[in-house]
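Here the structure is laid out as structure tokens; the discussion comes afterwards.
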Amino acid sequence: VPVTVAVVDGGVRFDHPDLAGKLWPGHDFVSELDYANDGDGRDADASDPGDWVTLAESRTAAYSGCDVENSSWHGTAIAGLIAAASNNGLGVAGIHWGAKVLPVRVAGKCGAVLSDLLDGVRWAAGLPVAGVPANPNPARVINLSYGGSGVCGGAYQTTVSDVTTAGALLVVAAGNEATPLTRPADCAGAFAVAAVRGDGTKAAYANYGPQVALAAPGGSAVAAEPDSGLLTTRNTGLKGPESPTYANLAGSSFAAPLVAGVAGLMLSTQPALTRDDLAALLRASVRPHTVNPVLPTCQPALATQGECNCTTSACGAGLLDAGRALAAAATHVPGSTVVAPLPSLSVVTLPTASTPATDTQGGGGGALGMGWGAALWLWLAAVAWGQRRARQRPP
């Protein structure tokens with residue numbers, strides 16, 4: 001049975017050839033017809049009809065405060081990052097091309113209603129949701145790249161705690177506001193992932209704080225820089241779906257799926273690993289944060305800050321290292337205490353903000369000896385971004 005990784009998001013395009021055979025049917029939790037954009041409410045169809053908002057719509061009461069935007073195809077991009085097919089002569093390869101993605105649609109036009117989002121997260125983990133058939137393919141790893149403003153509230157915390165108790169690792173994007181974490185990334189038990197540039201330093205847009213578990217690449221989001229974005233599956237439609245394609249995107253939303261994909265690989269290596277095993281081994285196997293001498297040091301409590309050198313109090317334990325994580329998973333006795341940190345690597349000091357240095361330190365298998373910068377992460381797969389904020393409404 002393949003490892004299942006849930007993508008709680010805006011649905012997926014089932015017709016993308018790089019996702020053929022990679023998707024469970026999933027479920028659609030978008031309850032409000034104004035925002036569902038598919039003609040009905042909750043149903044068994046997790047496909048993404050598009051989430052565009054026109055200028056005319058933004059001037060109506062229903063869409064007041066919504067950003068005018070083209071369709072994002074956000075969930076399709078994340079699904080490709082995790083499980084796009086390999087060796088098929090097409091586009092990109094996912095982190096874990098042997099995994100199956102469980103698409104859980106919780107967002108439509110203008111974002112997600114909180115009650116839909118939380119129900120979708122619960123269902124993804126195999127927990128019961130009133131009025132919805134039981135999930136036949138519960139996920140042990142859940143990716144959530146949506147969030148809201150404000151601190152973690154009771155509804156969010158209850159859901160995160162219940163999902164964690166059920167044995168699922170809930171990987172969440174830290175956010176893109178260049179501020180301290182907000183919900184659900186600041187919830188106890190959420191595995192929050194911050195975004196770094198190709199050189200390993202905090203991306204200008206990335207959120208930060210002591211609740212971050214670790215950091216992973218999200219792209220610089222600066223068009224002139226070589227690591228401005230990461231490549232993944234998408235659709236050409238500006239409104240409704242048109243043709244399958246690929247696109248370079250950047251942001252925190254796809255730092256999280258990098259981690260979710262690696263967690264899936266760890267479960268394939270050692271299926272008996274628990275949720276706590278995954279969380280502890282991912283933290284223990286990181287590479288140390290890099291240091292760019294022309295950038296300031298990140299401060300975990302500042303109201304806002306841009307590019308800076310990560311610390312463990314601002315960007316988590318270190319930088320995601322898939323090779324070391326898989327090596328740790330292969331030898332770990334499930335349920336036992338993780339000895340952290342694993343044999344350490346030296347801190348890499350970069351000569352400038354834009355020119356990566358070559359890391360000559362040893363490490364696990366794969367491409368761990370590759371240079372810092374975009375090349376270090378290509379072996380993980382080509383990926384993308386797009387953190388979306390949820391419309392916060394009482395559940």
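Ordering of the structure tokens sets the chain letters (A, B, ...); residue numbers start at 1 within each chain; ligands are numbered from 1 in the order shown.
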
Restrict the calculation to only C-alpha atoms, then for each residue of region 197-255 of chain A with any atom at most 9 Å from an atom of region 85-94 of chain A give the closest atom pair and their distance in Å to one decimal, rows by chain and rising residue number, as a Markdown table.
| residue | atom | partner | partner_atom | distance |
| --- | --- | --- | --- | --- |
| A:Leu231 | CA | A:Val92 | CA | 7.3 |
| A:Thr232 | CA | A:Val92 | CA | 6.4 |
| A:Thr233 | CA | A:Val92 | CA | 7.6 |
| A:Thr245 | CA | A:Gly91 | CA | 8.2 |
| A:Tyr246 | CA | A:Gly91 | CA | 6.9 |

Would you write out those residues with N, CA, C and O atoms, as a PDB file, in the first residue's frame?
ATOM      1  N   LEU A 231       9.760  24.930  -9.808  1.00  0.00           N
ATOM      2  CA  LEU A 231       8.893  24.452 -10.875  1.00  0.00           C
ATOM      3  C   LEU A 231       7.964  23.338 -10.409  1.00  0.00           C
ATOM      4  O   LEU A 231       8.399  22.396  -9.741  1.00  0.00           O
ATOM      5  N   THR A 232       6.678  23.416 -10.792  1.00  0.00           N
ATOM      6  CA  THR A 232       5.728  22.379 -10.422  1.00  0.00           C
ATOM      7  C   THR A 232       4.550  22.340 -11.387  1.00  0.00           C
ATOM      8  O   THR A 232       4.473  23.115 -12.338  1.00  0.00           O
ATOM      9  N   THR A 233       3.638  21.419 -11.148  1.00  0.00           N
ATOM     10  CA  THR A 233       2.463  21.218 -11.994  1.00  0.00           C
ATOM     11  C   THR A 233       1.452  22.340 -11.811  1.00  0.00           C
ATOM     12  O   THR A 233       1.231  22.835 -10.711  1.00  0.00           O
ATOM     13  N   THR A 245      -0.065  22.303 -17.422  1.00  0.00           N
ATOM     14  CA  THR A 245       1.218  22.943 -17.717  1.00  0.00           C
ATOM     15  C   THR A 245       2.095  22.879 -16.478  1.00  0.00           C
ATOM     16  O   THR A 245       1.801  22.155 -15.514  1.00  0.00           O
ATOM     17  N   TYR A 246       3.172  23.669 -16.491  1.00  0.00           N
ATOM     18  CA  TYR A 246       4.103  23.784 -15.369  1.00  0.00           C
ATOM     19  C   TYR A 246       4.415  25.257 -15.178  1.00  0.00           C
ATOM     20  O   TYR A 246       4.333  26.045 -16.117  1.00  0.00           O
TER      21      TYR A 246
END

ask   = So which bits of region 92-253 of chain A end up alpha helix (DSSP H) when you DSSP the backbone, as a PyMOL selection string?
value = chain A and resi 114-124+154-165

Preceding selection exported with N, CA and C atoms as an mmCIF file, in the first residue's frame:
data_model
loop_
_atom_site.group_PDB
_atom_site.id
_atom_site.type_symbol
_atom_site.label_atom_id
_atom_site.label_comp_id
_atom_site.auth_asym_id
_atom_site.auth_seq_id
_atom_site.Cartn_x
_atom_site.Cartn_y
_atom_site.Cartn_z
ATOM 1 N N LEU A 114 -13.364 28.790 7.797
ATOM 2 C CA LEU A 114 -12.651 28.073 8.844
ATOM 3 C C LEU A 114 -13.256 26.704 9.126
ATOM 4 N N SER A 115 -14.574 26.615 9.192
ATOM 5 C CA SER A 115 -15.206 25.336 9.511
ATOM 6 C C SER A 115 -14.917 24.300 8.425
ATOM 7 N N ASP A 116 -14.902 24.716 7.159
ATOM 8 C CA ASP A 116 -14.577 23.795 6.070
ATOM 9 C C ASP A 116 -13.132 23.318 6.195
ATOM 10 N N LEU A 117 -12.231 24.246 6.453
ATOM 11 C CA LEU A 117 -10.815 23.907 6.570
ATOM 12 C C LEU A 117 -10.588 22.902 7.693
ATOM 13 N N LEU A 118 -11.155 23.157 8.853
ATOM 14 C CA LEU A 118 -10.925 22.267 9.993
ATOM 15 C C LEU A 118 -11.569 20.906 9.784
ATOM 16 N N ASP A 119 -12.751 20.876 9.190
ATOM 17 C CA ASP A 119 -13.375 19.585 8.877
ATOM 18 C C ASP A 119 -12.519 18.805 7.892
ATOM 19 N N GLY A 120 -11.958 19.492 6.911
ATOM 20 C CA GLY A 120 -11.112 18.822 5.931
ATOM 21 C C GLY A 120 -9.859 18.235 6.546
ATOM 22 N N VAL A 121 -9.233 18.960 7.465
ATOM 23 C CA VAL A 121 -8.041 18.456 8.145
ATOM 24 C C VAL A 121 -8.391 17.210 8.963
ATOM 25 N N ARG A 122 -9.509 17.260 9.671
ATOM 26 C CA ARG A 122 -9.924 16.123 10.483
ATOM 27 C C ARG A 122 -10.195 14.894 9.598
ATOM 28 N N TRP A 123 -10.917 15.099 8.519
ATOM 29 C CA TRP A 123 -11.251 13.991 7.630
ATOM 30 C C TRP A 123 -10.001 13.394 7.011
ATOM 31 N N ALA A 124 -9.038 14.241 6.666
ATOM 32 C CA ALA A 124 -7.787 13.768 6.065
ATOM 33 C C ALA A 124 -7.078 12.773 6.975
ATOM 34 N N GLY A 154 -9.128 28.292 19.914
ATOM 35 C CA GLY A 154 -9.583 27.008 20.422
ATOM 36 C C GLY A 154 -9.941 26.014 19.337
ATOM 37 N N ALA A 155 -10.626 26.464 18.280
ATOM 38 C CA ALA A 155 -11.050 25.552 17.223
ATOM 39 C C ALA A 155 -9.847 24.970 16.489
ATOM 40 N N TYR A 156 -8.895 25.828 16.146
ATOM 41 C CA TYR A 156 -7.682 25.355 15.493
ATOM 42 C C TYR A 156 -6.932 24.379 16.398
ATOM 43 N N GLN A 157 -6.719 24.771 17.656
ATOM 44 C CA GLN A 157 -5.914 23.939 18.546
ATOM 45 C C GLN A 157 -6.555 22.588 18.787
ATOM 46 N N THR A 158 -7.880 22.562 18.939
ATOM 47 C CA THR A 158 -8.559 21.289 19.136
ATOM 48 C C THR A 158 -8.343 20.367 17.947
ATOM 49 N N THR A 159 -8.463 20.914 16.740
ATOM 50 C CA THR A 159 -8.272 20.104 15.539
ATOM 51 C C THR A 159 -6.841 19.609 15.430
ATOM 52 N N VAL A 160 -5.873 20.494 15.637
ATOM 53 C CA VAL A 160 -4.471 20.083 15.556
ATOM 54 C C VAL A 160 -4.179 18.994 16.583
ATOM 55 N N SER A 161 -4.682 19.164 17.798
ATOM 56 C CA SER A 161 -4.445 18.174 18.853
ATOM 57 C C SER A 161 -5.090 16.837 18.517
ATOM 58 N N ASP A 162 -6.313 16.866 17.989
ATOM 59 C CA ASP A 162 -7.005 15.628 17.650
ATOM 60 C C ASP A 162 -6.311 14.892 16.513
ATOM 61 N N VAL A 163 -5.863 15.637 15.516
ATOM 62 C CA VAL A 163 -5.172 15.029 14.377
ATOM 63 C C VAL A 163 -3.845 14.421 14.827
ATOM 64 N N THR A 164 -3.143 15.128 15.705
ATOM 65 C CA THR A 164 -1.881 14.619 16.228
ATOM 66 C C THR A 164 -2.106 13.347 17.031
ATOM 67 N N THR A 165 -3.132 13.341 17.856
ATOM 68 C CA THR A 165 -3.467 12.159 18.644
ATOM 69 C C THR A 165 -3.827 10.979 17.748
#

message = So that I can check the surroundings of Ser64 (chain A), please list as a list in words every protein, DNA and RNA residue that reaches within 12 Å of it, counting only C-alpha atoms and ignoring chain neighbours fewer than 3 positions away.
response = Val53, Thr54, Leu55, Ala56, Glu57, Ser58, Arg59, Thr60, Ala61, Asp67, Val68, Lys109, Cys110 and Arg391 of chain A

Selection from above, all heavy atoms, as a JSON list (two decimals), in the first residue's frame, can you write it?
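Final output, saved to selection17.json:
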[["chain", "number", "residue", "atom", "x", "y", "z"],
["A", 53, "VAL", "N", -11.13, 35.63, -8.98],
["A", 53, "VAL", "CA", -12.05, 36.67, -8.52],
["A", 53, "VAL", "C", -11.90, 37.87, -9.45],
["A", 53, "VAL", "O", -10.79, 38.39, -9.62],
["A", 53, "VAL", "CB", -11.76, 37.10, -7.07],
["A", 53, "VAL", "CG1", -12.67, 38.26, -6.65],
["A", 53, "VAL", "CG2", -11.93, 35.92, -6.11],
["A", 54, "THR", "N", -12.99, 38.29, -10.07],
["A", 54, "THR", "CA", -12.95, 39.41, -11.00],
["A", 54, "THR", "C", -13.11, 40.73, -10.25],
["A", 54, "THR", "O", -13.54, 40.77, -9.08],
["A", 54, "THR", "CB", -14.06, 39.30, -12.04],
["A", 54, "THR", "OG1", -15.33, 39.46, -11.39],
["A", 54, "THR", "CG2", -13.99, 37.97, -12.77],
["A", 55, "LEU", "N", -12.77, 41.83, -10.93],
["A", 55, "LEU", "CA", -12.94, 43.14, -10.34],
["A", 55, "LEU", "C", -14.41, 43.39, -10.01],
["A", 55, "LEU", "O", -14.74, 43.92, -8.94],
["A", 55, "LEU", "CB", -12.43, 44.21, -11.29],
["A", 55, "LEU", "CG", -12.58, 45.67, -10.83],
["A", 55, "LEU", "CD1", -11.82, 45.91, -9.53],
["A", 55, "LEU", "CD2", -12.10, 46.63, -11.92],
["A", 56, "ALA", "N", -15.30, 42.99, -10.91],
["A", 56, "ALA", "CA", -16.73, 43.18, -10.67],
["A", 56, "ALA", "C", -17.18, 42.40, -9.44],
["A", 56, "ALA", "O", -17.96, 42.90, -8.61],
["A", 56, "ALA", "CB", -17.52, 42.75, -11.89],
["A", 57, "GLU", "N", -16.70, 41.18, -9.28],
["A", 57, "GLU", "CA", -17.06, 40.38, -8.09],
["A", 57, "GLU", "C", -16.57, 41.03, -6.81],
["A", 57, "GLU", "O", -17.26, 41.03, -5.79],
["A", 57, "GLU", "CB", -16.49, 38.97, -8.22],
["A", 57, "GLU", "CG", -17.22, 38.10, -9.23],
["A", 57, "GLU", "CD", -16.54, 36.76, -9.43],
["A", 57, "GLU", "OE1", -15.29, 36.71, -9.33],
["A", 57, "GLU", "OE2", -17.25, 35.78, -9.69],
["A", 58, "SER", "N", -15.37, 41.60, -6.86],
["A", 58, "SER", "CA", -14.80, 42.19, -5.65],
["A", 58, "SER", "C", -15.60, 43.39, -5.16],
["A", 58, "SER", "O", -15.46, 43.80, -4.00],
["A", 58, "SER", "CB", -13.35, 42.61, -5.90],
["A", 58, "SER", "OG", -13.28, 43.76, -6.74],
["A", 59, "ARG", "N", -16.46, 43.94, -6.02],
["A", 59, "ARG", "CA", -17.27, 45.10, -5.65],
["A", 59, "ARG", "C", -18.66, 44.70, -5.15],
["A", 59, "ARG", "O", -19.48, 45.57, -4.86],
["A", 59, "ARG", "CB", -17.40, 46.03, -6.86],
["A", 59, "ARG", "CG", -16.07, 46.70, -7.23],
["A", 59, "ARG", "CD", -16.15, 47.44, -8.56],
["A", 59, "ARG", "NE", -14.91, 48.18, -8.82],
["A", 59, "ARG", "CZ", -14.62, 48.75, -9.98],
["A", 59, "ARG", "NH1", -15.47, 48.64, -11.00],
["A", 59, "ARG", "NH2", -13.48, 49.41, -10.13],
["A", 60, "THR", "N", -18.90, 43.39, -5.05],
["A", 60, "THR", "CA", -20.17, 42.92, -4.52],
["A", 60, "THR", "C", -20.04, 42.59, -3.05],
["A", 60, "THR", "O", -18.93, 42.42, -2.52],
["A", 60, "THR", "CB", -20.64, 41.67, -5.28],
["A", 60, "THR", "OG1", -19.72, 40.59, -5.03],
["A", 60, "THR", "CG2", -20.72, 41.93, -6.78],
["A", 61, "ALA", "N", -21.17, 42.47, -2.37],
["A", 61, "ALA", "CA", -21.16, 42.18, -0.93],
["A", 61, "ALA", "C", -20.52, 40.81, -0.65],
["A", 61, "ALA", "O", -19.78, 40.65, 0.32],
["A", 61, "ALA", "CB", -22.58, 42.23, -0.39],
["A", 67, "ASP", "N", -9.26, 39.65, -2.88],
["A", 67, "ASP", "CA", -8.31, 40.15, -3.85],
["A", 67, "ASP", "C", -8.75, 39.77, -5.26],
["A", 67, "ASP", "O", -9.23, 38.66, -5.50],
["A", 67, "ASP", "CB", -6.93, 39.56, -3.60],
["A", 67, "ASP", "CG", -6.31, 40.05, -2.30],
["A", 67, "ASP", "OD1", -6.68, 41.16, -1.86],
["A", 67, "ASP", "OD2", -5.48, 39.33, -1.73],
["A", 68, "VAL", "N", -8.59, 40.69, -6.19],
["A", 68, "VAL", "CA", -8.82, 40.38, -7.60],
["A", 68, "VAL", "C", -7.63, 39.57, -8.09],
["A", 68, "VAL", "O", -6.47, 40.00, -7.98],
["A", 68, "VAL", "CB", -8.96, 41.68, -8.43],
["A", 68, "VAL", "CG1", -9.10, 41.35, -9.91],
["A", 68, "VAL", "CG2", -10.15, 42.49, -7.93],
["A", 109, "LYS", "N", -13.17, 30.25, -4.25],
["A", 109, "LYS", "CA", -12.94, 31.68, -4.51],
["A", 109, "LYS", "C", -12.85, 32.42, -3.18],
["A", 109, "LYS", "O", -13.65, 32.22, -2.28],
["A", 109, "LYS", "CB", -14.09, 32.24, -5.36],
["A", 109, "LYS", "CG", -14.16, 31.65, -6.77],
["A", 109, "LYS", "CD", -15.50, 31.87, -7.42],
["A", 109, "LYS", "CE", -15.71, 33.31, -7.88],
["A", 109, "LYS", "NZ", -15.00, 33.58, -9.15],
["A", 110, "CYS", "N", -11.81, 33.22, -3.04],
["A", 110, "CYS", "CA", -11.65, 34.09, -1.86],
["A", 110, "CYS", "C", -11.15, 33.36, -0.62],
["A", 110, "CYS", "O", -11.20, 33.89, 0.47],
["A", 110, "CYS", "CB", -12.96, 34.81, -1.56],
["A", 110, "CYS", "SG", -12.76, 36.38, -0.70],
["A", 391, "ARG", "N", -10.23, 32.63, 4.85],
["A", 391, "ARG", "CA", -11.22, 33.55, 5.39],
["A", 391, "ARG", "C", -11.63, 33.02, 6.75],
["A", 391, "ARG", "O", -12.13, 31.91, 6.87],
["A", 391, "ARG", "CB", -12.43, 33.61, 4.45],
["A", 391, "ARG", "CG", -12.14, 34.34, 3.14],
["A", 391, "ARG", "CD", -13.37, 34.35, 2.26],
["A", 391, "ARG", "NE", -13.64, 33.04, 1.73],
["A", 391, "ARG", "CZ", -14.76, 32.35, 1.95],
["A", 391, "ARG", "NH1", -15.68, 32.85, 2.72],
["A", 391, "ARG", "NH2", -14.94, 31.17, 1.41]]

task = Please provide as a PyMOL selection string all residues within 8 Å of Asn309 (chain A), with the sequence filter that same-chain residues fewer than 3 positions apart are discarded (counting only C-alpha atoms).
result = chain A and resi 201-202+289-292+295-298

Include N, CA, C and O atoms and write out the residues we just selected as a PDB file, in the first residue's frame.
ATOM      1  N   THR A 201      19.346  31.284   3.565  1.00  0.00           N
ATOM      2  CA  THR A 201      18.951  32.357   4.473  1.00  0.00           C
ATOM      3  C   THR A 201      17.452  32.616   4.356  1.00  0.00           C
ATOM      4  O   THR A 201      16.815  32.268   3.364  1.00  0.00           O
ATOM      5  N   LYS A 202      16.871  33.246   5.376  1.00  0.00           N
ATOM      6  CA  LYS A 202      15.434  33.465   5.396  1.00  0.00           C
ATOM      7  C   LYS A 202      14.984  34.291   4.206  1.00  0.00           C
ATOM      8  O   LYS A 202      15.559  35.338   3.918  1.00  0.00           O
ATOM      9  N   HIS A 289      21.794  26.047   9.921  1.00  0.00           N
ATOM     10  CA  HIS A 289      21.488  27.242   9.142  1.00  0.00           C
ATOM     11  C   HIS A 289      22.760  27.853   8.574  1.00  0.00           C
ATOM     12  O   HIS A 289      23.813  27.835   9.216  1.00  0.00           O
ATOM     13  N   THR A 290      22.663  28.393   7.374  1.00  0.00           N
ATOM     14  CA  THR A 290      23.808  29.050   6.754  1.00  0.00           C
ATOM     15  C   THR A 290      23.960  30.473   7.285  1.00  0.00           C
ATOM     16  O   THR A 290      23.045  31.035   7.881  1.00  0.00           O
ATOM     17  N   VAL A 291      25.118  31.041   7.035  1.00  0.00           N
ATOM     18  CA  VAL A 291      25.405  32.412   7.472  1.00  0.00           C
ATOM     19  C   VAL A 291      25.895  33.214   6.272  1.00  0.00           C
ATOM     20  O   VAL A 291      26.899  32.866   5.649  1.00  0.00           O
ATOM     21  N   ASN A 292      25.189  34.273   5.951  1.00  0.00           N
ATOM     22  CA  ASN A 292      25.620  35.191   4.911  1.00  0.00           C
ATOM     23  C   ASN A 292      26.102  36.469   5.607  1.00  0.00           C
ATOM     24  O   ASN A 292      25.306  37.167   6.241  1.00  0.00           O
ATOM     25  N   LEU A 295      24.147  39.871   5.664  1.00  0.00           N
ATOM     26  CA  LEU A 295      22.781  39.950   6.165  1.00  0.00           C
ATOM     27  C   LEU A 295      22.762  40.015   7.682  1.00  0.00           C
ATOM     28  O   LEU A 295      23.651  39.477   8.354  1.00  0.00           O
ATOM     29  N   PRO A 296      21.737  40.645   8.262  1.00  0.00           N
ATOM     30  CA  PRO A 296      21.609  40.665   9.719  1.00  0.00           C
ATOM     31  C   PRO A 296      21.143  39.311  10.237  1.00  0.00           C
ATOM     32  O   PRO A 296      20.705  38.445   9.469  1.00  0.00           O
ATOM     33  N   THR A 297      21.220  39.136  11.536  1.00  0.00           N
ATOM     34  CA  THR A 297      20.722  37.921  12.173  1.00  0.00           C
ATOM     35  C   THR A 297      19.227  38.049  12.425  1.00  0.00           C
ATOM     36  O   THR A 297      18.751  39.087  12.906  1.00  0.00           O
ATOM     37  N   CYS A 298      18.481  37.024  12.094  1.00  0.00           N
ATOM     38  CA  CYS A 298      17.031  37.047  12.323  1.00  0.00           C
ATOM     39  C   CYS A 298      16.717  37.150  13.810  1.00  0.00           C
ATOM     40  O   CYS A 298      17.357  36.489  14.638  1.00  0.00           O
TER      41      CYS A 298
END

remark   = Counting only C-alpha atoms, the residue among A:Ile78, A:Val151, A:Ser71, A:Gly11 that lies closest to Ala107 (chain A) is A:Gly11

task = Give the strand (DSSP E or B) residues of region 140-224 of chain A, as DSSP finds them on the backbone, and put them as a ChimeraX atom specification.
result = /A:141-144,146-147,169-173,180,191-196,202,208,212-217

request  = Find the spatial neighbours of Gly126 (chain A), counting only C-alpha atoms, within a cut-off of 12 Å - ignore same-chain residues fewer than 6 positions away - and output them as a ChimeraX atom specification.
outcome  = /A:4,6,26,102,104,119-120,132-142,162-168

note = Of A:Asp43, A:Asp51, A:Glu177, A:Asp18, the one nearest to Gly80 (chain A) when counting only C-alpha atoms is A:Asp18

request  = Would you mind reading off the distance between CA of Glu225 (chain A) and CA of Ala206 (chain A), one decimal, in Å?
outcome  = 16.6 Å

key: Shell around Gly21 (chain A) at 10 Å using only C-alpha atoms, local window under 6 positions removed, as a list in words   =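 Counting only the stated atoms, we get Phe14, Ala83, Ala84, Ala85, Gly98, Ala99, Lys100 and Val101 of chain A.
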
Can you write out the residues you just picked, keeping C-alpha atoms, as a PDB file, in the first residue's frame?
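What follows is the written file again-v2.pdb:
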ATOM      1  CA  PHE A  14      -7.084  15.259 -11.979  1.00  0.00           C
ATOM      2  CA  ALA A  83       4.155  13.091  -5.964  1.00  0.00           C
ATOM      3  CA  ALA A  84       4.548  14.079  -9.638  1.00  0.00           C
ATOM      4  CA  ALA A  85       5.527  11.035 -11.681  1.00  0.00           C
ATOM      5  CA  GLY A  98       5.686   6.497  -5.183  1.00  0.00           C
ATOM      6  CA  ALA A  99       3.248   8.218  -2.834  1.00  0.00           C
ATOM      7  CA  LYS A 100      -0.470   8.785  -3.312  1.00  0.00           C
ATOM      8  CA  VAL A 101      -1.927  12.238  -2.731  1.00  0.00           C
TER       9      VAL A 101
END

key: Gap from CA of Pro257 (chain A) to CA of Ala192 (chain A) - Å, one decimal   = 11.0 Å

task = Tell me which of A:Arg42, A:Arg197, A:His27, A:His74 sits closest to Arg234 (chain A), counting only C-alpha atoms.
result = A:His74
